[in-house]
Amino acid sequence: MLRHLALCAFTFLFASVVAPQTPTTLSVPPDSPRWDLQGQAKATEYQGRKCLFVDGGAAVLNAFEMRDGVVDVDVATPATRGFFGIQFRIAGDGANAEWVYLRQHKSGLADALQYTPVLNTGLNWQIYNGPGFTGAVDIPKDIWFHLRLEVAGAQAKFYVKDLDKPALVMNDLKSGIQKGKVALAVLTGATYFSNFEIRTTPDAPWERRLPPMPPGALIKWSLSPSYDALARNLERPLAPAESKAISWQDVEAEPPGFVVINRYRESPHPRVSFANDFSKRLEPQPGMRVVYARTSIDSGRDQVKKLYIGYSDDVSVVLNGQILFRGRSAQNFRDPGFLGIISPENDAVYLPLKKGRNELLLAVSELGGGWGFICRLADLED
């Protein structure tokens with residue numbers, strides 16, 4: 001089964017594996033048949049070392065699964081821009097995983113290093129961002145340096161050059177996968193890997209470290225199937241007959257209030273026309289998908305309440321059958337450097353609530369970087 005490593009660059013085929021039953025240490029040379037080389041990946045030599053070259057591909061370790069363990073590898077990259085790192089706990093079909101990677105063009109900045117879960121083929125860095133997900137690190141150019149990944153239970157640490165102090169501490173791994181394959185993965189940017197070693201360790205307790213759920217967060221939602229966004233009129237509400245015909249799936253927001261649609265629907269991977277041409281940001285984007293999300297708000301009286309909303313990447317807000325808001329918060333959309341990172345303060349809508357039950361409906365469309373939303377009502381009264 002094919003899976004997307006990221007937005008729409010390439011796909012990989014991951015094979016089934018046989019997991020080791022006892023603690024294991026493997027030193028795997030670059031020319032080993034244990035490597036499943038996918039996309040632009042090959043064994044070669046660089047700066048006098050035998051190594052793996054990857055640029056838009058991956059080297060997947062065959063016949064091996066890891067729950068907890070330590071991955072060590074040397075890397076060198078002559079590229080000025082790119083995304084390279086280690087994928088781990090890759091599910092059998094390859095659609096879900098954890099990925100920690102570096103970005104040469106962000107060297108020294110707060111997001112030079114990034115962790116994201118891969119959920120239903122989609123990266124989710126617009127949803128999971130900040131402490132525990134991004135880190136500052138200097139990325140050497142065209143010299144060998146060392147990476148170490150330590151995975152224990154629902155946490156992980158990533159070291160870059162300095163093995164005494166982690167460059168990133170991942171306090172809560174988000175995919176939910178407890179065991180899977182390991183790969184050296186590069187979205188783009190020539191990268192070389194050598195001296196790869198992997199060592200399993202005894203299983204640590206599985207302890208989640210979730211952030212708190214803020215007051216006013218809207219938690220209980222129902223999701224529709226995924227639709228072609230360009231085939232639907234997102235400027236109007238769903239007709240009652242349309243809503244009744246939909247097979248709704250009940251879900252709950254996860255702390256701090258995110259509804260991560262990629263957990264429930266396969267991520268789309270359109271080629272976004274305005275990614276490199278800001279003038280095209282209002283053009284239709286073929287391949288964009290939309291999911292409807294609905295919840296109810298009970299109000300003790302007629303009142304107007306402020307709804308804080310964050311979303312990726314496009315939303316329509318409908319209350320009691322009336323559309324109140326349309327917005328887009330996609331990467332590069334609001335300005336060429338805009339990242340589209342979700343926070344509950346991305347936008348705000350004033351809801352004219354009636355006494356009793358009110359239906360809030362969102363149409364949330366995805367272009368890339370994480371499909372989801374977060375809603376919080378300010379000072380909700382009974």
# chains A, B, ... in the order shown; residues from 1 in each chain; ligands from 1

call {"tool": "residues_around", "arguments": {"residues": "range 246-261 of chain A", "least_positions_apart": "4", "cutoff": "10 Å", "atoms": "only C-alpha atoms", "output": "VMD selection string"}}
result
chain A and resid 119 to 120 124 127 to 128 210 to 226 241 to 242 265 to 267 291 to 295 310 to 312 342 to 344 364 to 366 370 to 376

call {"tool": "write_last_selection", "arguments": {"atoms": "C-alpha atoms", "output": "PDB file, in the first residue's frame"}}
result
ATOM      1  CA  LEU A 119      -1.431  10.459  10.646  1.00  0.00           C
ATOM      2  CA  ASN A 120      -3.268   8.826   7.753  1.00  0.00           C
ATOM      3  CA  ASN A 124       0.661  17.576  11.306  1.00  0.00           C
ATOM      4  CA  ILE A 127      -1.316  21.421  14.754  1.00  0.00           C
ATOM      5  CA  TYR A 128       1.556  20.194  16.927  1.00  0.00           C
ATOM      6  CA  LEU A 210      -1.160  15.744  27.888  1.00  0.00           C
ATOM      7  CA  PRO A 211      -1.598  19.509  28.204  1.00  0.00           C
ATOM      8  CA  PRO A 212      -4.640  20.777  30.132  1.00  0.00           C
ATOM      9  CA  MET A 213      -7.989  21.313  28.451  1.00  0.00           C
ATOM     10  CA  PRO A 214      -8.751  25.044  28.656  1.00  0.00           C
ATOM     11  CA  PRO A 215     -12.097  26.362  29.974  1.00  0.00           C
ATOM     12  CA  GLY A 216     -14.715  26.789  27.282  1.00  0.00           C
ATOM     13  CA  ALA A 217     -13.161  24.267  24.889  1.00  0.00           C
ATOM     14  CA  LEU A 218     -15.749  22.555  22.684  1.00  0.00           C
ATOM     15  CA  ILE A 219     -14.952  18.885  23.086  1.00  0.00           C
ATOM     16  CA  LYS A 220     -17.726  16.695  21.652  1.00  0.00           C
ATOM     17  CA  TRP A 221     -18.056  16.725  17.860  1.00  0.00           C
ATOM     18  CA  SER A 222     -19.404  14.631  15.005  1.00  0.00           C
ATOM     19  CA  LEU A 223     -17.517  14.361  11.704  1.00  0.00           C
ATOM     20  CA  SER A 224     -18.818  13.722   8.196  1.00  0.00           C
ATOM     21  CA  PRO A 225     -17.005  11.690   5.559  1.00  0.00           C
ATOM     22  CA  SER A 226     -14.390  13.485   3.456  1.00  0.00           C
ATOM     23  CA  ALA A 241     -31.809  16.788   4.067  1.00  0.00           C
ATOM     24  CA  GLU A 242     -28.056  16.759   3.332  1.00  0.00           C
ATOM     25  CA  ARG A 265      -9.713  10.727   7.487  1.00  0.00           C
ATOM     26  CA  GLU A 266      -6.906  10.154   4.984  1.00  0.00           C
ATOM     27  CA  SER A 267      -4.974  13.319   4.357  1.00  0.00           C
ATOM     28  CA  VAL A 291     -15.012  17.473   6.282  1.00  0.00           C
ATOM     29  CA  TYR A 292     -18.056  18.840   8.100  1.00  0.00           C
ATOM     30  CA  ALA A 293     -17.905  18.946  11.899  1.00  0.00           C
ATOM     31  CA  ARG A 294     -20.885  19.667  14.109  1.00  0.00           C
ATOM     32  CA  THR A 295     -21.532  20.154  17.805  1.00  0.00           C
ATOM     33  CA  GLY A 310      -8.053  27.934  14.968  1.00  0.00           C
ATOM     34  CA  TYR A 311      -8.089  25.728  11.875  1.00  0.00           C
ATOM     35  CA  SER A 312      -6.106  24.228   9.052  1.00  0.00           C
ATOM     36  CA  ILE A 342      -3.129  26.436  14.558  1.00  0.00           C
ATOM     37  CA  SER A 343      -3.929  28.242  17.795  1.00  0.00           C
ATOM     38  CA  PRO A 344      -7.347  28.982  19.300  1.00  0.00           C
ATOM     39  CA  VAL A 364     -12.953  22.350   7.431  1.00  0.00           C
ATOM     40  CA  SER A 365     -10.825  21.925   4.313  1.00  0.00           C
ATOM     41  CA  GLU A 366      -7.213  20.747   4.064  1.00  0.00           C
ATOM     42  CA  GLY A 370      -2.220  19.108   9.384  1.00  0.00           C
ATOM     43  CA  TRP A 371      -5.993  18.815   9.097  1.00  0.00           C
ATOM     44  CA  GLY A 372      -7.885  19.946  12.159  1.00  0.00           C
ATOM     45  CA  PHE A 373      -9.390  22.698  14.266  1.00  0.00           C
ATOM     46  CA  ILE A 374      -9.799  24.000  17.812  1.00  0.00           C
ATOM     47  CA  CYS A 375     -12.743  25.966  19.231  1.00  0.00           C
ATOM     48  CA  ARG A 376     -13.129  27.704  22.559  1.00  0.00           C
TER      49      ARG A 376
END

call {"tool": "select_by_dssp", "arguments": {"residues": "range 17-92 of chain A", "states": "strand (DSSP E or B)", "output": "number ranges by chain"}}
result
A: 25-28, 35-46, 49-61, 66, 69-76, 83-90

call {"tool": "residues_around", "arguments": {"residues": "range 62-75 of chain A", "least_positions_apart": "5", "cutoff": "6 Å", "atoms": "only C-alpha atoms", "output": "NGL selection string"}}
result
:A and (17-19 or 34-35 or 144-152 or 178-181 or 192-201 or 203)

call {"tool": "closest_residue", "arguments": {"among": "A:Ala91, A:Val28, A:Ile143, A:Ala58", "to": "Ala76 in chain A", "atoms": "only C-alpha atoms"}}
result
A:Ile143

call {"tool": "atom_distance", "arguments": {"atom1": "CA of Gly94 in chain A", "atom2": "CA of Pro117 in chain A"}}
result
12.1 Å

call {"tool": "select_by_dssp", "arguments": {"residues": "range 84-295 of chain A", "states": "helix (DSSP H, G or I)", "output": "list of chain:residue names"}}
result
A:Gln104, A:His105, A:Lys106, A:Ala229, A:Leu230, A:Ala231, A:Pro240, A:Ala241, A:Glu242, A:Ser243, A:Lys244, A:Ala245, A:Ile261, A:Asn262, A:Arg263, A:Ser273, A:Phe274, A:Ala275, A:Phe278, A:Ser279, A:Lys280

call {"tool": "write_last_selection", "arguments": {"atoms": "C-alpha atoms", "output": "compact mmCIF listing (two decimals), in the first residue's frame"}}
result
# COMPACT_ATOMS: atom_id res chain seq x y z
CA GLN A 104 18.97 23.10 6.82
CA HIS A 105 17.40 26.42 5.81
CA LYS A 106 16.24 26.99 9.41
CA ALA A 229 -14.00 20.55 -1.53
CA LEU A 230 -14.26 21.99 -5.04
CA ALA A 231 -17.40 19.94 -5.72
CA PRO A 240 -31.37 19.69 6.48
CA ALA A 241 -31.81 16.79 4.07
CA GLU A 242 -28.06 16.76 3.33
CA SER A 243 -27.18 16.74 7.02
CA LYS A 244 -29.67 13.95 7.73
CA ALA A 245 -28.21 11.80 4.94
CA ILE A 261 -9.20 15.25 11.43
CA ASN A 262 -6.18 13.36 10.09
CA ARG A 263 -6.79 10.79 12.84
CA SER A 273 -0.44 26.70 -6.51
CA PHE A 274 0.27 29.62 -4.18
CA ALA A 275 3.06 27.82 -2.28
CA PHE A 278 1.56 34.45 -3.69
CA SER A 279 -0.53 35.97 -6.49
CA LYS A 280 -2.32 32.62 -6.97

call {"tool": "atom_distance", "arguments": {"atom1": "CA of Arg103 in chain A", "atom2": "CA of Asp31 in chain A"}}
result
26.3 Å

call {"tool": "closest_residue", "arguments": {"among": "A:Leu377, A:Ile90, A:Ala167, A:Leu173", "to": "Thr116 in chain A", "atoms": "only C-alpha atoms"}}
result
A:Leu173

call {"tool": "closest_residue", "arguments": {"among": "A:Val118, A:Ala136, A:Leu351, A:Leu102", "to": "Gln322 in chain A", "atoms": "only C-alpha atoms"}}
result
A:Leu351

call {"tool": "closest_residue", "arguments": {"among": "A:Arg334, A:Ala363, A:Asn320, A:Pro205", "to": "Arg289 in chain A", "atoms": "only C-alpha atoms"}}
result
A:Ala363

call {"tool": "atom_distance", "arguments": {"atom1": "CA of Asp142 in chain A", "atom2": "CA of Gly369 in chain A"}}
result
28.5 Å

call {"tool": "closest_residue", "arguments": {"among": "A:Leu238, A:Met288, A:Leu307, A:Ile341", "to": "Gly321 in chain A", "atoms": "only C-alpha atoms"}}
result
A:Leu238

call {"tool": "closest_residue", "arguments": {"among": "A:Asp55, A:Asp379, A:Glu45, A:Asp93", "to": "Ala79 in chain A", "atoms": "only C-alpha atoms"}}
result
A:Asp55

call {"tool": "residues_around", "arguments": {"residues": "Gln40 in chain A", "least_positions_apart": "5", "cutoff": "10 Å", "atoms": "only C-alpha atoms", "output": "list in words"}}
result
Phe10, Phe53, Val54, Asp55, Gly56, Gly57, Ala58, Ala59, Val186, Leu187, Thr188 and Ala190 of chain A
